[in-house]
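Structure first, commentary second.
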Amino acid sequence: MRTWGPSVALAAALLLPLSTPVTSAVAAIRAGGPARRLPGGAPPCPNVPAPVTRPPQPPPPPDRAARSVGGAALDTAGLVVPTAATATPPPVTATSWLVADLDTGAVLGGCGPHEYGVPASVQKLLLAATVLPRLDPDREVTMTAGDLAIEPGSSAVGLAEGGRYRIETIWLGLLLKSGNEAANALARLGGGPDGLAGGVRAMNDEAHRLGARQTHAVTPSGLDGPGQFTSAYDLALIARACFREPAFRRYTATRTAQVPAQPALHEKAFQIQNDNMLLDHYPGALGGKTGFTDLARHTYVGAAERGGRRLVVTLLGAEIPIQRGWQQGAALLDWGFGLPRDASVGRLVEPGELDRSPTPATGPASALAGHADLGGGAARAGTGSGVGVPLTVGAVVVVGGAVLLARRRRHAAAVALSAAPGLRKPEIPEGD
């Protein structure tokens, strides 16, 4: 997937004040397992030097309440690992990441787990968590011109306007080939009377229900939009919800699928393959999702099972001069499987847990760099009704993003881990 270029990101950054309800239940979620910062304090993310290709993106102001969700130890911009860890996490270029147990919800470690990031196509997991239970997979539907209104050159399955496909075929196109037209269709079909806008609104409601309070969707596909953001911790909550669905587990683990012919449109049948290379190269791989945009860089969510234990890894803002996103995820999964089963630095909250306290509290304003008109319909479509993330539209031009980025890179380079030479040779980036 491709979208805004670095030149646009350099031009302006828009700050979106958010009133994010984080209830007083957060106070009861601060208890995590024993954790330690690595020697010399918490090394920043990434823990290898950041390549110069990453576009500037000034970080949002911190929301202390949201950053403590899952445990106080997770409120860090650097590395946090269990006291029982005998090995340092592998060197990766992701600006934030997290490893968690899908079944127990234990967070095994992370780097900046509550730092804001841009999702790219891993956003499609939130769409799946939201809409999958609402749609009959055997229902046959027609693709519309609106479904195919995607950014030229961005990832697509190849579904035809006017073509009739089973909803299951569209899900496979979404999760195997990251089809943006598939995302539009599924959001439209699951959005009720409001169509795609209703689907995006439902995604934000679902993120709120899951406890993903640092997540706000503007597009169903993950194509960048103003005010769209997430965190490594939130992605783990979303992925856990997805893997609880049998249909999702089947779709995400599918290696190949057949898109049927459309005789009336003179369209032949064709085969699609799963873009997630973890399935082919990592024993016990369960599936996941890749992502890339110019602004988000490489994002990844992957899960695997070993010895009856299921772990998930999430990462944001990765560069791949040495390792692809799935390879960085695989290295972090290996590290997680090497930890004792009772090791943790926090936990994934349960759906609805943050809403059970009768006394809500409002955290400080949050923001994310963007570049488009905040008054656009897509941004308004992402706001919730009642339980969604309330969004107060506003914009402030931020100057000096490049300076902040340069400082961040120098800091990251100064603390590069000695394990970096063990990384693999550069490979061609995966497309999305």
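In the structure tokens, chains take the letters A, B, ... in the order shown, each chain's residues start at 1, and ligands count up from 1 in the order shown.
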
Write out as a PDB file with N, CA and C atoms, in the first residue's frame the residues lying within 7 Å of Arg209 in chain A, counting only C-alpha atoms and excluding same-chain residues fewer than 2 positions away.
ATOM      1  N   ASP A 205     -15.910   2.090  17.561  1.00  0.00           N
ATOM      2  CA  ASP A 205     -16.654   1.578  18.708  1.00  0.00           C
ATOM      3  C   ASP A 205     -16.031   0.275  19.225  1.00  0.00           C
ATOM      4  N   GLU A 206     -15.642  -0.591  18.287  1.00  0.00           N
ATOM      5  CA  GLU A 206     -15.042  -1.867  18.682  1.00  0.00           C
ATOM      6  C   GLU A 206     -13.685  -1.659  19.340  1.00  0.00           C
ATOM      7  N   ALA A 207     -12.878  -0.742  18.813  1.00  0.00           N
ATOM      8  CA  ALA A 207     -11.593  -0.445  19.434  1.00  0.00           C
ATOM      9  C   ALA A 207     -11.797   0.012  20.876  1.00  0.00           C
ATOM     10  N   GLY A 211     -10.696  -1.935  24.586  1.00  0.00           N
ATOM     11  CA  GLY A 211      -9.722  -1.272  25.454  1.00  0.00           C
ATOM     12  C   GLY A 211      -8.590  -0.635  24.678  1.00  0.00           C
ATOM     13  N   PRO A 351     -12.068  -7.379  26.842  1.00  0.00           N
ATOM     14  CA  PRO A 351     -13.068  -6.496  26.229  1.00  0.00           C
ATOM     15  C   PRO A 351     -14.056  -5.963  27.256  1.00  0.00           C
ATOM     16  N   GLY A 352     -14.300  -4.668  27.228  1.00  0.00           N
ATOM     17  CA  GLY A 352     -15.247  -4.041  28.144  1.00  0.00           C
ATOM     18  C   GLY A 352     -14.708  -3.732  29.512  1.00  0.00           C
TER      19      GLY A 352
END

Which residues of range 278-332 of chain A come within 12 Å of range 87-99 of chain A, and what is each one's closest atom pair and distance in Å (one decimal), counting only C-alpha atoms, sorted by chain and residue number, as a tab-separated table?
residue	atom	partner	partner_atom	distance
A:Ala296	CA	A:Thr95	CA	10.4
A:Arg297	CA	A:Ala94	CA	9.3
A:His298	CA	A:Ala94	CA	8.1
A:Thr299	CA	A:Ala94	CA	8.1
A:Tyr300	CA	A:Trp97	CA	9.3
A:Val301	CA	A:Trp97	CA	9.6
A:Gly302	CA	A:Val99	CA	9.8
A:Ala303	CA	A:Val99	CA	9.5
A:Ala304	CA	A:Val99	CA	11.2
A:Arg310	CA	A:Val99	CA	10.6
A:Leu311	CA	A:Val99	CA	6.9
A:Val312	CA	A:Val99	CA	5.7
A:Val313	CA	A:Val99	CA	4.5
A:Thr314	CA	A:Trp97	CA	5.4
A:Leu315	CA	A:Trp97	CA	4.2
A:Leu316	CA	A:Ser96	CA	5.5
A:Gly317	CA	A:Ala94	CA	5.1
A:Ala318	CA	A:Ala94	CA	3.7
A:Glu319	CA	A:Thr93	CA	5.7
A:Ile320	CA	A:Thr93	CA	7.4
A:Pro321	CA	A:Thr93	CA	9.1
A:Ile322	CA	A:Thr93	CA	9.0
A:Gln323	CA	A:Val92	CA	8.1
A:Arg324	CA	A:Thr93	CA	9.8
A:Gly325	CA	A:Ala94	CA	8.4
A:Trp326	CA	A:Val92	CA	11.1
A:Gln327	CA	A:Val92	CA	9.4
A:Gln328	CA	A:Val92	CA	6.0
A:Gly329	CA	A:Val92	CA	8.8
A:Ala330	CA	A:Pro90	CA	10.0
A:Ala331	CA	A:Pro90	CA	6.4
A:Leu332	CA	A:Pro90	CA	6.4

Can I get the selection written as an mmCIF file, in the first residue's frame, with N, CA and C atoms?
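Okay, again-v4.cif is ready:
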data_model
loop_
_atom_site.group_PDB
_atom_site.id
_atom_site.type_symbol
_atom_site.label_atom_id
_atom_site.label_comp_id
_atom_site.auth_asym_id
_atom_site.auth_seq_id
_atom_site.Cartn_x
_atom_site.Cartn_y
_atom_site.Cartn_z
ATOM 1 N N ALA A 296 3.440 5.335 7.506
ATOM 2 C CA ALA A 296 3.527 4.313 8.562
ATOM 3 C C ALA A 296 4.831 3.546 8.518
ATOM 4 N N ARG A 297 5.450 3.454 7.347
ATOM 5 C CA ARG A 297 6.561 2.540 7.090
ATOM 6 C C ARG A 297 6.032 1.105 7.218
ATOM 7 N N HIS A 298 6.858 0.164 7.638
ATOM 8 C CA HIS A 298 6.411 -1.232 7.681
ATOM 9 C C HIS A 298 5.802 -1.548 9.044
ATOM 10 N N THR A 299 4.628 -2.163 9.012
ATOM 11 C CA THR A 299 3.948 -2.608 10.225
ATOM 12 C C THR A 299 3.675 -4.100 10.095
ATOM 13 N N TYR A 300 3.536 -4.763 11.226
ATOM 14 C CA TYR A 300 3.347 -6.217 11.153
ATOM 15 C C TYR A 300 2.678 -6.747 12.419
ATOM 16 N N VAL A 301 1.803 -7.732 12.219
ATOM 17 C CA VAL A 301 1.212 -8.515 13.307
ATOM 18 C C VAL A 301 1.333 -9.981 12.913
ATOM 19 N N GLY A 302 1.868 -10.804 13.789
ATOM 20 C CA GLY A 302 2.007 -12.232 13.500
ATOM 21 C C GLY A 302 1.809 -13.059 14.756
ATOM 22 N N ALA A 303 1.349 -14.284 14.577
ATOM 23 C CA ALA A 303 1.121 -15.179 15.715
ATOM 24 C C ALA A 303 1.634 -16.567 15.377
ATOM 25 N N ALA A 304 2.054 -17.286 16.408
ATOM 26 C CA ALA A 304 2.569 -18.639 16.218
ATOM 27 C C ALA A 304 2.328 -19.446 17.481
ATOM 28 N N ARG A 310 0.596 -20.028 22.575
ATOM 29 C CA ARG A 310 0.342 -19.178 21.407
ATOM 30 C C ARG A 310 0.744 -17.731 21.732
ATOM 31 N N LEU A 311 1.675 -17.204 20.945
ATOM 32 C CA LEU A 311 2.146 -15.840 21.149
ATOM 33 C C LEU A 311 1.805 -14.980 19.937
ATOM 34 N N VAL A 312 1.652 -13.690 20.191
ATOM 35 C CA VAL A 312 1.431 -12.726 19.121
ATOM 36 C C VAL A 312 2.483 -11.630 19.240
ATOM 37 N N VAL A 313 2.952 -11.145 18.098
ATOM 38 C CA VAL A 313 3.889 -10.035 18.066
ATOM 39 C C VAL A 313 3.281 -8.922 17.221
ATOM 40 N N THR A 314 3.450 -7.683 17.671
ATOM 41 C CA THR A 314 2.988 -6.527 16.901
ATOM 42 C C THR A 314 4.143 -5.549 16.803
ATOM 43 N N LEU A 315 4.309 -4.940 15.634
ATOM 44 C CA LEU A 315 5.365 -3.935 15.494
ATOM 45 C C LEU A 315 4.939 -2.835 14.543
ATOM 46 N N LEU A 316 5.428 -1.643 14.822
ATOM 47 C CA LEU A 316 5.088 -0.443 14.056
ATOM 48 C C LEU A 316 6.350 0.304 13.658
ATOM 49 N N GLY A 317 6.271 1.001 12.529
ATOM 50 C CA GLY A 317 7.336 1.910 12.135
ATOM 51 C C GLY A 317 8.653 1.258 11.807
ATOM 52 N N ALA A 318 8.631 0.055 11.240
ATOM 53 C CA ALA A 318 9.883 -0.639 10.949
ATOM 54 C C ALA A 318 10.433 -0.251 9.577
ATOM 55 N N GLU A 319 11.749 -0.275 9.469
ATOM 56 C CA GLU A 319 12.429 -0.180 8.185
ATOM 57 C C GLU A 319 13.021 -1.552 7.885
ATOM 58 N N ILE A 320 13.272 -1.832 6.608
ATOM 59 C CA ILE A 320 13.695 -3.200 6.280
ATOM 60 C C ILE A 320 14.946 -3.251 5.399
ATOM 61 N N PRO A 321 15.973 -2.488 5.738
ATOM 62 C CA PRO A 321 17.198 -2.632 4.939
ATOM 63 C C PRO A 321 17.891 -3.963 5.200
ATOM 64 N N ILE A 322 17.540 -4.591 6.322
ATOM 65 C CA ILE A 322 18.193 -5.843 6.707
ATOM 66 C C ILE A 322 17.188 -6.969 6.848
ATOM 67 N N GLN A 323 16.094 -6.728 7.537
ATOM 68 C CA GLN A 323 15.055 -7.730 7.746
ATOM 69 C C GLN A 323 13.690 -7.183 7.363
ATOM 70 N N ARG A 324 12.865 -8.023 6.758
ATOM 71 C CA ARG A 324 11.483 -7.655 6.502
ATOM 72 C C ARG A 324 10.705 -7.622 7.812
ATOM 73 N N GLY A 325 9.485 -7.070 7.723
ATOM 74 C CA GLY A 325 8.676 -6.980 8.933
ATOM 75 C C GLY A 325 8.411 -8.334 9.549
ATOM 76 N N TRP A 326 8.065 -9.329 8.728
ATOM 77 C CA TRP A 326 7.753 -10.651 9.274
ATOM 78 C C TRP A 326 9.000 -11.296 9.888
ATOM 79 N N GLN A 327 10.184 -10.985 9.364
ATOM 80 C CA GLN A 327 11.416 -11.538 9.933
ATOM 81 C C GLN A 327 11.719 -10.917 11.294
ATOM 82 N N GLN A 328 11.473 -9.621 11.423
ATOM 83 C CA GLN A 328 11.625 -8.986 12.730
ATOM 84 C C GLN A 328 10.623 -9.568 13.717
ATOM 85 N N GLY A 329 9.389 -9.802 13.223
ATOM 86 C CA GLY A 329 8.382 -10.432 14.072
ATOM 87 C C GLY A 329 8.782 -11.829 14.489
ATOM 88 N N ALA A 330 9.357 -12.597 13.561
ATOM 89 C CA ALA A 330 9.797 -13.959 13.871
ATOM 90 C C ALA A 330 10.883 -13.953 14.939
ATOM 91 N N ALA A 331 11.824 -13.018 14.833
ATOM 92 C CA ALA A 331 12.895 -12.936 15.828
ATOM 93 C C ALA A 331 12.339 -12.611 17.205
ATOM 94 N N LEU A 332 11.345 -11.731 17.257
ATOM 95 C CA LEU A 332 10.736 -11.392 18.543
ATOM 96 C C LEU A 332 9.903 -12.546 19.091
#

Which neighbours of Val259 in chain A fall inside 7 Å, counting only C-alpha atoms, when residues of the same chain fewer than 4 positions from it are skipped, and could you give them as JSON, numbers by chain? {"A": [169, 269, 270, 271]}

With N, CA and C atoms retained, write the just-selected residues as a PDB file, in the first residue's frame.
ATOM      1  N   THR A 169     -14.994 -14.972  -0.070  1.00  0.00           N
ATOM      2  CA  THR A 169     -13.959 -14.653  -1.063  1.00  0.00           C
ATOM      3  C   THR A 169     -13.381 -13.264  -0.810  1.00  0.00           C
ATOM      4  N   ALA A 269     -11.164 -16.500 -13.873  1.00  0.00           N
ATOM      5  CA  ALA A 269     -10.806 -16.847 -12.496  1.00  0.00           C
ATOM      6  C   ALA A 269      -9.301 -16.680 -12.318  1.00  0.00           C
ATOM      7  N   PHE A 270      -8.874 -16.414 -11.096  1.00  0.00           N
ATOM      8  CA  PHE A 270      -7.431 -16.329 -10.826  1.00  0.00           C
ATOM      9  C   PHE A 270      -7.161 -16.717  -9.380  1.00  0.00           C
ATOM     10  N   GLN A 271      -5.907 -17.037  -9.125  1.00  0.00           N
ATOM     11  CA  GLN A 271      -5.499 -17.478  -7.793  1.00  0.00           C
ATOM     12  C   GLN A 271      -4.788 -16.342  -7.070  1.00  0.00           C
TER      13      GLN A 271
END

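Ranking A:Gly336, A:Pro119, A:Gly195, A:Gly346 by their shortest atom-to-atom distance to Asp294 in chain A, with only C-alpha atoms included, puts A:Pro119 first.
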
Give me the residues near Ala182 in chain A as a PDB file with C-alpha atoms, in the first residue's frame, where near means some atom within 7 Å (using only C-alpha atoms) and where sequence neighbours in that chain fewer than 3 positions away do not count.
ATOM      1  CA  ILE A 170     -13.771 -10.973  -0.162  1.00  0.00           C
ATOM      2  CA  GLY A 173      -8.846 -11.117  -0.614  1.00  0.00           C
ATOM      3  CA  LEU A 174      -8.568  -8.798   2.376  1.00  0.00           C
ATOM      4  CA  GLY A 179      -7.061  -5.727  -0.887  1.00  0.00           C
ATOM      5  CA  ALA A 185     -16.709  -3.516   0.443  1.00  0.00           C
ATOM      6  CA  LEU A 186     -16.649  -5.229   3.841  1.00  0.00           C
TER       7      LEU A 186
END

Excluding same-chain residues fewer than 4 positions from range 122-138 of chain A, what lies within 8 Å of it counting only C-alpha atoms, as a ChimeraX atom specification? /A:166-168,174-175,178,183,186-187,189-190,199-200,202-203,206-207,217,220-222,238-239,241-242,248,289-291,299-301

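Here the question is which of A:Gly105, A:Pro260, A:Gly117, A:Gly338 gets nearest to Ile272 in chain A using only C-alpha atoms, and that residue is A:Pro260.
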